[in-house]
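Okay, input08.pdb now, which holds PDB, N, CA and C atoms, pLDDT in the B column:
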MODEL        1
ATOM      1  N   MET A   1     -22.607  -3.881  -3.803  1.00 62.00           N
ATOM      2  CA  MET A   1     -21.739  -3.958  -4.962  1.00 62.00           C
ATOM      3  C   MET A   1     -21.154  -2.588  -5.299  1.00 62.00           C
ATOM      4  N   ALA A   2     -21.976  -1.549  -5.171  1.00 75.00           N
ATOM      5  CA  ALA A   2     -21.502  -0.194  -5.470  1.00 75.00           C
ATOM      6  C   ALA A   2     -20.416   0.211  -4.482  1.00 75.00           C
ATOM      7  N   ASP A   3     -20.577  -0.176  -3.203  1.00 91.00           N
ATOM      8  CA  ASP A   3     -19.570   0.147  -2.198  1.00 91.00           C
ATOM      9  C   ASP A   3     -18.238  -0.520  -2.506  1.00 91.00           C
ATOM     10  N   GLU A   4     -18.300  -1.745  -2.998  1.00 94.00           N
ATOM     11  CA  GLU A   4     -17.080  -2.470  -3.344  1.00 94.00           C
ATOM     12  C   GLU A   4     -16.359  -1.778  -4.499  1.00 94.00           C
ATOM     13  N   LYS A   5     -17.116  -1.290  -5.473  1.00 96.00           N
ATOM     14  CA  LYS A   5     -16.506  -0.579  -6.593  1.00 96.00           C
ATOM     15  C   LYS A   5     -15.867   0.719  -6.127  1.00 96.00           C
ATOM     16  N   LYS A   6     -16.537   1.421  -5.207  1.00 97.00           N
ATOM     17  CA  LYS A   6     -15.980   2.660  -4.661  1.00 97.00           C
ATOM     18  C   LYS A   6     -14.703   2.363  -3.886  1.00 97.00           C
ATOM     19  N   TYR A   7     -14.729   1.306  -3.110  1.00 97.00           N
ATOM     20  CA  TYR A   7     -13.557   0.908  -2.332  1.00 97.00           C
ATOM     21  C   TYR A   7     -12.381   0.602  -3.260  1.00 97.00           C
ATOM     22  N   ASP A   8     -12.644  -0.207  -4.283  1.00 97.00           N
ATOM     23  CA  ASP A   8     -11.589  -0.570  -5.236  1.00 97.00           C
ATOM     24  C   ASP A   8     -11.039   0.654  -5.956  1.00 97.00           C
ATOM     25  N   LYS A   9     -11.921   1.555  -6.354  1.00 97.00           N
ATOM     26  CA  LYS A   9     -11.497   2.775  -7.041  1.00 97.00           C
ATOM     27  C   LYS A   9     -10.643   3.638  -6.112  1.00 97.00           C
ATOM     28  N   ALA A  10     -11.056   3.762  -4.861  1.00 97.00           N
ATOM     29  CA  ALA A  10     -10.303   4.562  -3.898  1.00 97.00           C
ATOM     30  C   ALA A  10      -8.924   3.953  -3.634  1.00 97.00           C
ATOM     31  N   ARG A  11      -8.854   2.635  -3.547  1.00 96.00           N
ATOM     32  CA  ARG A  11      -7.553   1.967  -3.366  1.00 96.00           C
ATOM     33  C   ARG A  11      -6.646   2.256  -4.555  1.00 96.00           C
ATOM     34  N   GLU A  12      -7.206   2.154  -5.748  1.00 97.00           N
ATOM     35  CA  GLU A  12      -6.431   2.415  -6.961  1.00 97.00           C
ATOM     36  C   GLU A  12      -5.907   3.856  -6.959  1.00 97.00           C
ATOM     37  N   LEU A  13      -6.769   4.791  -6.608  1.00 97.00           N
ATOM     38  CA  LEU A  13      -6.364   6.194  -6.548  1.00 97.00           C
ATOM     39  C   LEU A  13      -5.279   6.413  -5.494  1.00 97.00           C
ATOM     40  N   ALA A  14      -5.434   5.791  -4.344  1.00 95.00           N
ATOM     41  CA  ALA A  14      -4.441   5.931  -3.273  1.00 95.00           C
ATOM     42  C   ALA A  14      -3.092   5.352  -3.697  1.00 95.00           C
ATOM     43  N   GLU A  15      -3.117   4.207  -4.344  1.00 94.00           N
ATOM     44  CA  GLU A  15      -1.877   3.597  -4.820  1.00 94.00           C
ATOM     45  C   GLU A  15      -1.228   4.459  -5.896  1.00 94.00           C
ATOM     46  N   ASP A  16      -2.038   5.032  -6.774  1.00 95.00           N
ATOM     47  CA  ASP A  16      -1.512   5.940  -7.799  1.00 95.00           C
ATOM     48  C   ASP A  16      -0.912   7.187  -7.154  1.00 95.00           C
ATOM     49  N   ALA A  17      -1.542   7.670  -6.092  1.00 95.00           N
ATOM     50  CA  ALA A  17      -1.028   8.838  -5.377  1.00 95.00           C
ATOM     51  C   ALA A  17       0.349   8.533  -4.787  1.00 95.00           C
ATOM     52  N   LEU A  18       0.506   7.348  -4.230  1.00 92.00           N
ATOM     53  CA  LEU A  18       1.804   6.961  -3.680  1.00 92.00           C
ATOM     54  C   LEU A  18       2.870   6.899  -4.769  1.00 92.00           C
ATOM     55  N   LYS A  19       2.510   6.363  -5.917  1.00 93.00           N
ATOM     56  CA  LYS A  19       3.463   6.288  -7.031  1.00 93.00           C
ATOM     57  C   LYS A  19       3.883   7.680  -7.483  1.00 93.00           C
ATOM     58  N   LYS A  20       2.909   8.589  -7.567  1.00 94.00           N
ATOM     59  CA  LYS A  20       3.226   9.971  -7.971  1.00 94.00           C
ATOM     60  C   LYS A  20       4.140  10.628  -6.940  1.00 94.00           C
ATOM     61  N   ALA A  21       3.889  10.368  -5.662  1.00 93.00           N
ATOM     62  CA  ALA A  21       4.727  10.936  -4.604  1.00 93.00           C
ATOM     63  C   ALA A  21       6.164  10.429  -4.723  1.00 93.00           C
ATOM     64  N   VAL A  22       6.309   9.146  -4.994  1.00 91.00           N
ATOM     65  CA  VAL A  22       7.635   8.559  -5.169  1.00 91.00           C
ATOM     66  C   VAL A  22       8.333   9.186  -6.378  1.00 91.00           C
ATOM     67  N   ASP A  23       7.566   9.461  -7.415  1.00 94.00           N
ATOM     68  CA  ASP A  23       8.122  10.074  -8.625  1.00 94.00           C
ATOM     69  C   ASP A  23       8.423  11.563  -8.441  1.00 94.00           C
ATOM     70  N   GLY A  24       8.003  12.128  -7.302  1.00 95.00           N
ATOM     71  CA  GLY A  24       8.261  13.529  -7.021  1.00 95.00           C
ATOM     72  C   GLY A  24       7.192  14.483  -7.511  1.00 95.00           C
ATOM     73  N   ASP A  25       6.083  13.943  -7.985  1.00 95.00           N
ATOM     74  CA  ASP A  25       4.986  14.785  -8.474  1.00 95.00           C
ATOM     75  C   ASP A  25       3.986  14.997  -7.344  1.00 95.00           C
ATOM     76  N   ASP A  26       4.350  15.890  -6.409  1.00 95.00           N
ATOM     77  CA  ASP A  26       3.542  16.093  -5.207  1.00 95.00           C
ATOM     78  C   ASP A  26       2.160  16.661  -5.507  1.00 95.00           C
ATOM     79  N   LYS A  27       2.070  17.508  -6.512  1.00 97.00           N
ATOM     80  CA  LYS A  27       0.778  18.110  -6.852  1.00 97.00           C
ATOM     81  C   LYS A  27      -0.210  17.032  -7.316  1.00 97.00           C
ATOM     82  N   ALA A  28       0.234  16.165  -8.197  1.00 96.00           N
ATOM     83  CA  ALA A  28      -0.623  15.079  -8.681  1.00 96.00           C
ATOM     84  C   ALA A  28      -0.923  14.096  -7.550  1.00 96.00           C
ATOM     85  N   ALA A  29       0.078  13.825  -6.712  1.00 95.00           N
ATOM     86  CA  ALA A  29      -0.113  12.908  -5.587  1.00 95.00           C
ATOM     87  C   ALA A  29      -1.188  13.429  -4.649  1.00 95.00           C
ATOM     88  N   ASP A  30      -1.128  14.727  -4.346  1.00 95.00           N
ATOM     89  CA  ASP A  30      -2.111  15.325  -3.446  1.00 95.00           C
ATOM     90  C   ASP A  30      -3.514  15.277  -4.052  1.00 95.00           C
ATOM     91  N   LYS A  31      -3.612  15.575  -5.328  1.00 97.00           N
ATOM     92  CA  LYS A  31      -4.913  15.547  -6.004  1.00 97.00           C
ATOM     93  C   LYS A  31      -5.509  14.137  -5.973  1.00 97.00           C
ATOM     94  N   LEU A  32      -4.694  13.138  -6.287  1.00 97.00           N
ATOM     95  CA  LEU A  32      -5.168  11.751  -6.282  1.00 97.00           C
ATOM     96  C   LEU A  32      -5.545  11.300  -4.869  1.00 97.00           C
ATOM     97  N   ALA A  33      -4.743  11.713  -3.893  1.00 96.00           N
ATOM     98  CA  ALA A  33      -5.034  11.341  -2.506  1.00 96.00           C
ATOM     99  C   ALA A  33      -6.356  11.946  -2.041  1.00 96.00           C
ATOM    100  N   GLN A  34      -6.584  13.189  -2.382  1.00 96.00           N
ATOM    101  CA  GLN A  34      -7.840  13.836  -1.999  1.00 96.00           C
ATOM    102  C   GLN A  34      -9.036  13.156  -2.665  1.00 96.00           C
ATOM    103  N   GLU A  35      -8.865  12.798  -3.927  1.00 98.00           N
ATOM    104  CA  GLU A  35      -9.945  12.103  -4.641  1.00 98.00           C
ATOM    105  C   GLU A  35     -10.213  10.732  -4.012  1.00 98.00           C
ATOM    106  N   ALA A  36      -9.133  10.050  -3.630  1.00 97.00           N
ATOM    107  CA  ALA A  36      -9.276   8.737  -2.997  1.00 97.00           C
ATOM    108  C   ALA A  36     -10.019   8.860  -1.670  1.00 97.00           C
ATOM    109  N   LYS A  37      -9.644   9.852  -0.854  1.00 97.00           N
ATOM    110  CA  LYS A  37     -10.302  10.060   0.439  1.00 97.00           C
ATOM    111  C   LYS A  37     -11.779  10.380   0.260  1.00 97.00           C
ATOM    112  N   ALA A  38     -12.085  11.167  -0.758  1.00 97.00           N
ATOM    113  CA  ALA A  38     -13.483  11.533  -1.003  1.00 97.00           C
ATOM    114  C   ALA A  38     -14.292  10.328  -1.488  1.00 97.00           C
ATOM    115  N   THR A  39     -13.636   9.401  -2.164  1.00 97.00           N
ATOM    116  CA  THR A  39     -14.316   8.223  -2.706  1.00 97.00           C
ATOM    117  C   THR A  39     -14.592   7.196  -1.613  1.00 97.00           C
ATOM    118  N   ASP A  40     -13.565   6.873  -0.808  1.00 97.00           N
ATOM    119  CA  ASP A  40     -13.729   5.907   0.283  1.00 97.00           C
ATOM    120  C   ASP A  40     -12.554   6.044   1.245  1.00 97.00           C
ATOM    121  N   PRO A  41     -12.746   6.786   2.328  1.00 96.00           N
ATOM    122  CA  PRO A  41     -11.651   7.004   3.279  1.00 96.00           C
ATOM    123  C   PRO A  41     -11.086   5.712   3.882  1.00 96.00           C
ATOM    124  N   GLN A  42     -11.931   4.713   4.058  1.00 96.00           N
ATOM    125  CA  GLN A  42     -11.456   3.451   4.642  1.00 96.00           C
ATOM    126  C   GLN A  42     -10.462   2.761   3.717  1.00 96.00           C
ATOM    127  N   ALA A  43     -10.688   2.832   2.431  1.00 96.00           N
ATOM    128  CA  ALA A  43      -9.765   2.228   1.467  1.00 96.00           C
ATOM    129  C   ALA A  43      -8.397   2.885   1.566  1.00 96.00           C
ATOM    130  N   VAL A  44      -8.388   4.197   1.730  1.00 95.00           N
ATOM    131  CA  VAL A  44      -7.119   4.929   1.863  1.00 95.00           C
ATOM    132  C   VAL A  44      -6.408   4.489   3.142  1.00 95.00           C
ATOM    133  N   GLU A  45      -7.152   4.387   4.229  1.00 94.00           N
ATOM    134  CA  GLU A  45      -6.570   3.925   5.501  1.00 94.00           C
ATOM    135  C   GLU A  45      -5.987   2.526   5.354  1.00 94.00           C
ATOM    136  N   ASP A  46      -6.686   1.662   4.636  1.00 95.00           N
ATOM    137  CA  ASP A  46      -6.203   0.295   4.440  1.00 95.00           C
ATOM    138  C   ASP A  46      -4.902   0.273   3.651  1.00 95.00           C
ATOM    139  N   VAL A  47      -4.814   1.085   2.603  1.00 94.00           N
ATOM    140  CA  VAL A  47      -3.588   1.154   1.797  1.00 94.00           C
ATOM    141  C   VAL A  47      -2.429   1.643   2.663  1.00 94.00           C
ATOM    142  N   LEU A  48      -2.671   2.680   3.450  1.00 90.00           N
ATOM    143  CA  LEU A  48      -1.618   3.213   4.321  1.00 90.00           C
ATOM    144  C   LEU A  48      -1.204   2.209   5.383  1.00 90.00           C
ATOM    145  N   GLN A  49      -2.170   1.480   5.930  1.00 90.00           N
ATOM    146  CA  GLN A  49      -1.857   0.453   6.929  1.00 90.00           C
ATOM    147  C   GLN A  49      -1.001  -0.647   6.316  1.00 90.00           C
ATOM    148  N   GLU A  50      -1.352  -1.087   5.125  1.00 90.00           N
ATOM    149  CA  GLU A  50      -0.576  -2.127   4.444  1.00 90.00           C
ATOM    150  C   GLU A  50       0.833  -1.635   4.147  1.00 90.00           C
ATOM    151  N   LEU A  51       0.943  -0.387   3.743  1.00 86.00           N
ATOM    152  CA  LEU A  51       2.250   0.200   3.461  1.00 86.00           C
ATOM    153  C   LEU A  51       3.097   0.216   4.730  1.00 86.00           C
ATOM    154  N   ASP A  52       2.494   0.605   5.833  1.00 82.00           N
ATOM    155  CA  ASP A  52       3.191   0.643   7.108  1.00 82.00           C
ATOM    156  C   ASP A  52       3.629  -0.757   7.528  1.00 82.00           C
ATOM    157  N   GLU A  53       2.760  -1.722   7.371  1.00 78.00           N
ATOM    158  CA  GLU A  53       3.088  -3.106   7.729  1.00 78.00           C
ATOM    159  C   GLU A  53       4.210  -3.637   6.852  1.00 78.00           C
ATOM    160  N   ASP A  54       4.156  -3.347   5.561  1.00 74.00           N
ATOM    161  CA  ASP A  54       5.209  -3.789   4.646  1.00 74.00           C
ATOM    162  C   ASP A  54       6.545  -3.164   5.017  1.00 74.00           C
ATOM    163  N   ALA A  55       6.529  -1.886   5.336  1.00 71.00           N
ATOM    164  CA  ALA A  55       7.766  -1.187   5.663  1.00 71.00           C
ATOM    165  C   ALA A  55       8.380  -1.726   6.947  1.00 71.00           C
ATOM    166  N   SER A  56       7.558  -2.014   7.933  1.00 69.00           N
ATOM    167  CA  SER A  56       8.100  -2.492   9.201  1.00 69.00           C
ATOM    168  C   SER A  56       8.562  -3.938   9.107  1.00 69.00           C
ATOM    169  N   SER A  57       7.899  -4.738   8.306  1.00 65.00           N
ATOM    170  CA  SER A  57       8.286  -6.144   8.202  1.00 65.00           C
ATOM    171  C   SER A  57       9.442  -6.353   7.244  1.00 65.00           C
ATOM    172  N   GLU A  58       9.675  -5.393   6.372  1.00 60.00           N
ATOM    173  CA  GLU A  58      10.733  -5.521   5.368  1.00 60.00           C
ATOM    174  C   GLU A  58      12.112  -5.644   6.013  1.00 60.00           C
ATOM    175  N   HIS A  59      12.294  -5.019   7.163  1.00 60.00           N
ATOM    176  CA  HIS A  59      13.595  -5.014   7.812  1.00 60.00           C
ATOM    177  C   HIS A  59      13.621  -5.826   9.100  1.00 60.00           C
ATOM    178  N   ASP A  60      12.589  -6.606   9.318  1.00 62.00           N
ATOM    179  CA  ASP A  60      12.506  -7.449  10.495  1.00 62.00           C
ATOM    180  C   ASP A  60      13.347  -8.708  10.262  1.00 62.00           C
ATOM    181  N   PRO A  61      14.399  -8.912  11.064  1.00 62.00           N
ATOM    182  CA  PRO A  61      15.276 -10.078  10.844  1.00 62.00           C
ATOM    183  C   PRO A  61      14.539 -11.416  10.862  1.00 62.00           C
ATOM    184  N   GLU A  62      13.555 -11.552  11.745  1.00 64.00           N
ATOM    185  CA  GLU A  62      12.800 -12.806  11.800  1.00 64.00           C
ATOM    186  C   GLU A  62      11.996 -13.015  10.511  1.00 64.00           C
ATOM    187  N   LYS A  63      11.412 -11.940  10.010  1.00 59.00           N
ATOM    188  CA  LYS A  63      10.629 -12.021   8.773  1.00 59.00           C
ATOM    189  C   LYS A  63      11.543 -12.384   7.601  1.00 59.00           C
ATOM    190  N   ILE A  64      12.707 -11.781   7.545  1.00 58.00           N
ATOM    191  CA  ILE A  64      13.660 -12.069   6.460  1.00 58.00           C
ATOM    192  C   ILE A  64      14.078 -13.531   6.527  1.00 58.00           C
ATOM    193  N   LYS A  65      14.363 -13.998   7.736  1.00 62.00           N
ATOM    194  CA  LYS A  65      14.763 -15.393   7.911  1.00 62.00           C
ATOM    195  C   LYS A  65      13.649 -16.332   7.464  1.00 62.00           C
ATOM    196  N   GLU A  66      12.402 -15.974   7.829  1.00 65.00           N
ATOM    197  CA  GLU A  66      11.246 -16.763   7.419  1.00 65.00           C
ATOM    198  C   GLU A  66      11.144 -16.836   5.899  1.00 65.00           C
ATOM    199  N   GLU A  67      11.297 -15.670   5.256  1.00 60.00           N
ATOM    200  CA  GLU A  67      11.166 -15.607   3.803  1.00 60.00           C
ATOM    201  C   GLU A  67      12.261 -16.396   3.110  1.00 60.00           C
ATOM    202  N   LEU A  68      13.463 -16.362   3.672  1.00 64.00           N
ATOM    203  CA  LEU A  68      14.567 -17.106   3.080  1.00 64.00           C
ATOM    204  C   LEU A  68      14.412 -18.595   3.324  1.00 64.00           C
ATOM    205  N   GLY A  69      13.839 -18.933   4.462  1.00 69.00           N
ATOM    206  CA  GLY A  69      13.573 -20.330   4.801  1.00 69.00           C
ATOM    207  C   GLY A  69      14.790 -21.209   4.660  1.00 69.00           C
ATOM    208  N   ASN A  70      14.632 -22.299   3.987  1.00 49.00           N
ATOM    209  CA  ASN A  70      15.697 -23.280   3.822  1.00 49.00           C
ATOM    210  C   ASN A  70      16.822 -22.772   2.936  1.00 49.00           C
ATOM    211  N   ASP A  71      16.560 -21.787   2.106  1.00 51.00           N
ATOM    212  CA  ASP A  71      17.615 -21.247   1.241  1.00 51.00           C
ATOM    213  C   ASP A  71      18.767 -20.696   2.064  1.00 51.00           C
ATOM    214  N   ALA A  72      18.475 -20.108   3.196  1.00 46.00           N
ATOM    215  CA  ALA A  72      19.519 -19.550   4.058  1.00 46.00           C
ATOM    216  C   ALA A  72      20.382 -20.656   4.628  1.00 46.00           C
ATOM    217  N   ASP A  73      19.799 -21.813   4.886  1.00 49.00           N
ATOM    218  CA  ASP A  73      20.547 -22.937   5.441  1.00 49.00           C
ATOM    219  C   ASP A  73      21.472 -23.563   4.414  1.00 49.00           C
ATOM    220  N   LYS A  74      21.169 -23.433   3.151  1.00 48.00           N
ATOM    221  CA  LYS A  74      21.964 -24.033   2.080  1.00 48.00           C
ATOM    222  C   LYS A  74      23.250 -23.269   1.813  1.00 48.00           C
ATOM    223  N   GLN A  75      23.279 -21.997   2.200  1.00 47.00           N
ATOM    224  CA  GLN A  75      24.451 -21.159   1.881  1.00 47.00           C
ATOM    225  C   GLN A  75      25.538 -21.302   2.906  1.00 47.00           C
TER     226      GLN A  75
ENDMDL
END
How does this structure look as structure tokens?
Amino acid sequence: MADEKKYDKARELAEDALKKAVDGDDKAADKLAQEAKATDPQAVEDVLQELDEDASSEHDPEKIKEELGNDADKQ
């Protein structure tokens, strides 16, 4: 149970670090990222992997077609 809480906390910190980076606050982003890595490195890796998967699938024509489904056929 304690490991799950650490994992969840590290994911939250990693996600907050990404938000700070997007906002241009690199110092805060780095601090949060370091704290996340120290809490649970696997959680940080998982967040980054999900981000990478989201980014690559976001522009995949087949994925877009899938998401649009029947709506694309109606237009």
Translate the PyMOL selection byres (((chain A and resi 18 and name CA) around 10) and name CA) into a concrete residue list for this structure, as a compact mmCIF listing (two decimals) with N, CA and C atoms, keeping the file's coordinate frame.
# COMPACT_ATOMS: atom_id res chain seq x y z
N GLU A 12 -7.21 2.15 -5.75
CA GLU A 12 -6.43 2.42 -6.96
C GLU A 12 -5.91 3.86 -6.96
N LEU A 13 -6.77 4.79 -6.61
CA LEU A 13 -6.36 6.19 -6.55
C LEU A 13 -5.28 6.41 -5.49
N ALA A 14 -5.43 5.79 -4.34
CA ALA A 14 -4.44 5.93 -3.27
C ALA A 14 -3.09 5.35 -3.70
N GLU A 15 -3.12 4.21 -4.34
CA GLU A 15 -1.88 3.60 -4.82
C GLU A 15 -1.23 4.46 -5.90
N ASP A 16 -2.04 5.03 -6.77
CA ASP A 16 -1.51 5.94 -7.80
C ASP A 16 -0.91 7.19 -7.15
N ALA A 17 -1.54 7.67 -6.09
CA ALA A 17 -1.03 8.84 -5.38
C ALA A 17 0.35 8.53 -4.79
N LYS A 19 2.51 6.36 -5.92
CA LYS A 19 3.46 6.29 -7.03
C LYS A 19 3.88 7.68 -7.48
N LYS A 20 2.91 8.59 -7.57
CA LYS A 20 3.23 9.97 -7.97
C LYS A 20 4.14 10.63 -6.94
N ALA A 21 3.89 10.37 -5.66
CA ALA A 21 4.73 10.94 -4.60
C ALA A 21 6.16 10.43 -4.72
N VAL A 22 6.31 9.15 -4.99
CA VAL A 22 7.64 8.56 -5.17
C VAL A 22 8.33 9.19 -6.38
N ASP A 23 7.57 9.46 -7.42
CA ASP A 23 8.12 10.07 -8.62
C ASP A 23 8.42 11.56 -8.44
N GLY A 24 8.00 12.13 -7.30
CA GLY A 24 8.26 13.53 -7.02
C GLY A 24 7.19 14.48 -7.51
N ASP A 25 6.08 13.94 -7.98
CA ASP A 25 4.99 14.78 -8.47
C ASP A 25 3.99 15.00 -7.34
N ASP A 26 4.35 15.89 -6.41
CA ASP A 26 3.54 16.09 -5.21
C ASP A 26 2.16 16.66 -5.51
N ALA A 28 0.23 16.16 -8.20
CA ALA A 28 -0.62 15.08 -8.68
C ALA A 28 -0.92 14.10 -7.55
N ALA A 29 0.08 13.82 -6.71
CA ALA A 29 -0.11 12.91 -5.59
C ALA A 29 -1.19 13.43 -4.65
N ASP A 30 -1.13 14.73 -4.35
CA ASP A 30 -2.11 15.32 -3.45
C ASP A 30 -3.51 15.28 -4.05
N LEU A 32 -4.69 13.14 -6.29
CA LEU A 32 -5.17 11.75 -6.28
C LEU A 32 -5.54 11.30 -4.87
N ALA A 33 -4.74 11.71 -3.89
CA ALA A 33 -5.03 11.34 -2.51
C ALA A 33 -6.36 11.95 -2.04
N VAL A 47 -4.81 1.08 2.60
CA VAL A 47 -3.59 1.15 1.80
C VAL A 47 -2.43 1.64 2.66
N LEU A 48 -2.67 2.68 3.45
CA LEU A 48 -1.62 3.21 4.32
C LEU A 48 -1.20 2.21 5.38
N LEU A 51 0.94 -0.39 3.74
CA LEU A 51 2.25 0.20 3.46
C LEU A 51 3.10 0.22 4.73
Note to self: Please compute the CA of Lys27 in chain A-CA of Val44 in chain A distance, one decimal, in Å.
What the structure shows: 17.7 Å
Check: So how many Å separate atom C of Ala55 in chain A and CA of Pro41 in chain A, to one decimal?
Finding: 22.2 Å
Margin query: Could you tell me how far CA of Lys31 in chain A sits from CA of Asp52 in chain A, in Å to one decimal place?
Written below: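 Computing it gives 21.4 Å between the two atoms.
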Next item on the list: Identify, on the basis of all atoms listed in the file, every residue whose closest approach to Asp8 in chain A does not exceed 8 Å; exclude the query and any residue fewer than 6 positions from it along the same chain; express the result as a list in words.
Entry: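 That gives Ala2, Ala14, Asp40 and Ala43 of chain A.
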Using the file's own x, y and z axes, what box holds all listed atoms of range 20-31 of chain A with 4 Å on each side, keeping edges along x, y and z, and what are its centre and edge lengths in Å to one decimal, as lines of an AutoDock Vina configuration file?
center_x = 1.5
center_y = 13.3
center_z = -6.1
size_x = 21.9
size_y = 17.6
size_z = 13.2
Next item on the list: Using all atoms listed in the file, pick whichever of A:Arg11, A:Gln49, A:Asp3, A:Asp54 has the shortest atom-to-atom distance to Ala36 in chain A.
Entry: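 Once distances to Ala36 in chain A are computed over all atoms listed in the file, the minimum belongs to A:Arg11.
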